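K.L.:
Okay, handing you the structure first.
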Amino acid sequence: MQKSNARLQVLLQNYFNNLNTETENEELWSHIIASHNDQELMQLFPDAFSNEMAVPENALDATKKQAILNYIYNYQPLQASSRPKRASLLPKLTAIAAAIALIISGIWFYTYNPIIKSNSDIVNQNHIKPGKNTATITLPDGSRMQLSESKTGVVIDADQIKYIDGTLFETGKDDERTGAQLSGLTTISTPRGGTYQVALPDGTKVFLNADSKLEFANQTFNKDRRVKLTGEAYFIVVHQSKRPFRVESAGQIVEDIGTAFNINAYPDERITRTTLVEGRASVNDVVLRPNQQSILQGTSLKVEEVDAALAVAWKNNQFIFEKEDIRYIMRMISRWYNVEIVYHGELPSTTFSGGVSRFANVSEVLRPLESTGEVKFKIDGRKIIVSK
């Protein structure tokens, strides 16, 4: 092993045993960033975790070590946009940073299935399946119809509606709705446990999360390019310099400047989060740069540096949390699995970090949370009871 890698091995081992000085931790990161061999770098982690430690009382227990290793090796970097672009963060650094963030948080939310105690109330429960492609459309004439669950999205034009695969939207009429029938406000709504894609008349793509609603006037859309959002959506906006794209949501107006962004504006959340993935956008005239998030609470707006991939993880069919409290996590679970959440007694004050697939049944999402020992769950039909 090269001398630099031998030094990195020592720094890693000492880091996981809380023995590094601040200077040595800075040296550790320098080694990681300078490494050009991902495979060799990642091979150092098992040794750093498994070696006999000089100060055993400082060491992580075996379960947590294995959990973090699994997180590193199972981690898949998220793609926020279908358009190719230069990566802003190497996958290996994202995985390592995520693993170290888990260590610092003190609570691990694993990507693998940990051993569950036999007295767990979520063992052998009937599985509650995850959400699916489902939505309704309300046309200007007030008619409300179910969109096909076998399709992933719809394309809205000024004079017709079709699915993304090109098939026409069936209305139950002798012919599709056209012209004046589409003049006015059109609404696409996803229920709890539903998601759907919408292509707007200008080509802008909108990915709707569960329990969300998008409203717009399709016949005049290309003139004013304005939509109203309730809930959460990810936008990939077709930029037009003379006609800015605007999103109204929960006391704010987001305006694109060549943009992909996510808005979380659920009525049951205390704050509205707008996260810029690429390009530029303004929120109430405050300009965001990529990997910045605006947080609107009441009339107060602040901007923070974030990892935008976390905000759009849901679009890539992942739950990813970073230092979130249990109530926030359960609200996300409630929307996606269409379940009722009931709290019994005191709840943990700790926060949770980690991730799991949104394709998993709800019990598979709850198991790793329960395995931290900080929270317990009981599933009763479509009700989840949460306790400490």
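FYI, nothing fancy with the structure tokens labels: chains A, B, ... in order, residues from 1 per chain, ligands from 1 as they appear.
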Tell me, which residues of region 224-323 of chain A carry DSSP helix (DSSP H, G or I), written as a VMD selection string?

P.N.:
chain A and resid 224 308 to 311 313 to 316

K.L.:
Those residues with N, CA and C atoms, as a CSV table (one decimal), in the first residue's frame please?

P.N.:
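For reference, part_37.csv as written:
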```csv
chain,number,residue,atom,x,y,z
A,224,ASP,N,-48.9,34.0,-20.2
A,224,ASP,CA,-48.5,34.5,-18.9
A,224,ASP,C,-47.6,33.5,-18.1
A,308,ALA,N,-28.8,19.9,-2.9
A,308,ALA,CA,-30.1,19.9,-3.6
A,308,ALA,C,-30.6,18.5,-3.9
A,309,ALA,N,-29.7,17.5,-4.0
A,309,ALA,CA,-30.1,16.1,-4.2
A,309,ALA,C,-31.0,15.6,-3.1
A,310,LEU,N,-30.8,16.1,-1.9
A,310,LEU,CA,-31.7,15.6,-0.8
A,310,LEU,C,-33.1,16.1,-1.0
A,311,ALA,N,-33.3,17.3,-1.5
A,311,ALA,CA,-34.6,17.9,-1.7
A,311,ALA,C,-35.4,17.2,-2.8
A,313,ALA,N,-34.8,13.9,-3.7
A,313,ALA,CA,-34.7,12.5,-3.6
A,313,ALA,C,-36.0,11.8,-3.9
A,314,TRP,N,-37.1,12.4,-3.5
A,314,TRP,CA,-38.5,11.8,-3.7
A,314,TRP,C,-38.7,11.5,-5.1
A,315,LYS,N,-38.3,12.5,-6.0
A,315,LYS,CA,-38.5,12.3,-7.5
A,315,LYS,C,-37.8,11.1,-8.0
A,316,ASN,N,-36.7,10.8,-7.4
A,316,ASN,CA,-35.9,9.6,-7.7
A,316,ASN,C,-36.2,8.4,-6.9
```

K.L.:
How would you write, as an MDAnalysis selection string, the set of residues in region 208-363 of chain A that DSSP gives as strand (DSSP E)?

P.N.:
chainID A and resid 208 212:217 226:236 246:249 252:265 272:283 286:288 292:297 300:305 318:324 340:343 352:357

K.L.:
Please list as a ChimeraX atom specification every residue within 10 Å of Glu305 (chain A), counting only C-alpha atoms and excluding residues in the same chain fewer than 3 positions away.

P.N.:
/A:275,288-294,308

K.L.:
Write a file of the selected residues as a PDB file, in the first residue's frame, keeping N, CA and C atoms.

P.N.:
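Result file follows (part-v9.pdb):
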```pdb
ATOM      1  N   THR A 275     -35.863  24.829  -3.363  1.00  0.00           N
ATOM      2  CA  THR A 275     -34.476  24.401  -3.533  1.00  0.00           C
ATOM      3  C   THR A 275     -34.090  24.468  -4.996  1.00  0.00           C
ATOM      4  N   LEU A 288     -31.680  32.845  -5.983  1.00  0.00           N
ATOM      5  CA  LEU A 288     -31.013  31.638  -5.504  1.00  0.00           C
ATOM      6  C   LEU A 288     -29.996  31.153  -6.528  1.00  0.00           C
ATOM      7  N   ARG A 289     -28.932  30.545  -6.034  1.00  0.00           N
ATOM      8  CA  ARG A 289     -27.955  29.849  -6.852  1.00  0.00           C
ATOM      9  C   ARG A 289     -28.109  28.347  -6.618  1.00  0.00           C
ATOM     10  N   PRO A 290     -27.561  27.506  -7.506  1.00  0.00           N
ATOM     11  CA  PRO A 290     -27.671  26.056  -7.315  1.00  0.00           C
ATOM     12  C   PRO A 290     -27.169  25.628  -5.937  1.00  0.00           C
ATOM     13  N   ASN A 291     -27.878  24.650  -5.358  1.00  0.00           N
ATOM     14  CA  ASN A 291     -27.595  24.142  -4.016  1.00  0.00           C
ATOM     15  C   ASN A 291     -27.851  25.183  -2.936  1.00  0.00           C
ATOM     16  N   GLN A 292     -28.778  26.082  -3.220  1.00  0.00           N
ATOM     17  CA  GLN A 292     -29.293  26.980  -2.196  1.00  0.00           C
ATOM     18  C   GLN A 292     -30.783  26.715  -2.011  1.00  0.00           C
ATOM     19  N   GLN A 293     -31.255  26.910  -0.788  1.00  0.00           N
ATOM     20  CA  GLN A 293     -32.657  26.676  -0.456  1.00  0.00           C
ATOM     21  C   GLN A 293     -33.196  27.894   0.291  1.00  0.00           C
ATOM     22  N   SER A 294     -34.337  28.395  -0.188  1.00  0.00           N
ATOM     23  CA  SER A 294     -35.006  29.458   0.549  1.00  0.00           C
ATOM     24  C   SER A 294     -36.001  28.829   1.513  1.00  0.00           C
ATOM     25  N   ALA A 308     -28.783  19.933  -2.907  1.00  0.00           N
ATOM     26  CA  ALA A 308     -30.069  19.915  -3.601  1.00  0.00           C
ATOM     27  C   ALA A 308     -30.568  18.507  -3.866  1.00  0.00           C
TER      28      ALA A 308
END
```

K.L.:
Pick out the closest residue to Lys132 (chain A) from this set: A:Arg335, A:Arg226, A:Arg7, A:Arg246. Count only C-alpha atoms.

P.N.:
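Distance minimum relative to Lys132 (chain A) lands on A:Arg335.
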
K.L.:
Tell me which of A:Pro130, A:Gly251, A:Gly231, A:Pro244 sits closest to Gly194 (chain A), counting only C-alpha atoms.

P.N.:
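Checking each of A:Pro130, A:Gly251, A:Gly231, A:Pro244 against Gly194 (chain A), counting only C-alpha atoms, the winner is A:Pro130.
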
K.L.:
What is the distance, in Å and to one decimal place, between CA of Ser249 (chain A) and CA of Thr152 (chain A)?

P.N.:
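CA of Thr152 (chain A) lies 24.1 Å from CA of Ser249 (chain A).
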
K.L.:
So, with only C-alpha atoms as the atoms that count, which of A:Ile326, A:Thr299, A:Thr195, A:Leu28 lies closest to Gln9 (chain A)?

P.N.:
A:Leu28

K.L.:
In Å to one decimal, how far is CA of Thr187 (chain A) from CA of Arg225 (chain A)?

P.N.:
14.7 Å

K.L.:
Compile the contact shell of Arg280 (chain A) as a list of chain:residue names: residues with an atom at most 10 Å away, counting only C-alpha atoms, same-chain residues fewer than 3 positions apart removed.

P.N.:
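In the requested form, the answer reads A:Glu255, A:Asp256, A:Ile257, A:Gly258, A:Thr259, A:Ala260, A:Phe261, A:Leu276, A:Val277, A:Val287, A:Leu288, A:Arg289, A:Pro290, A:Gln292.
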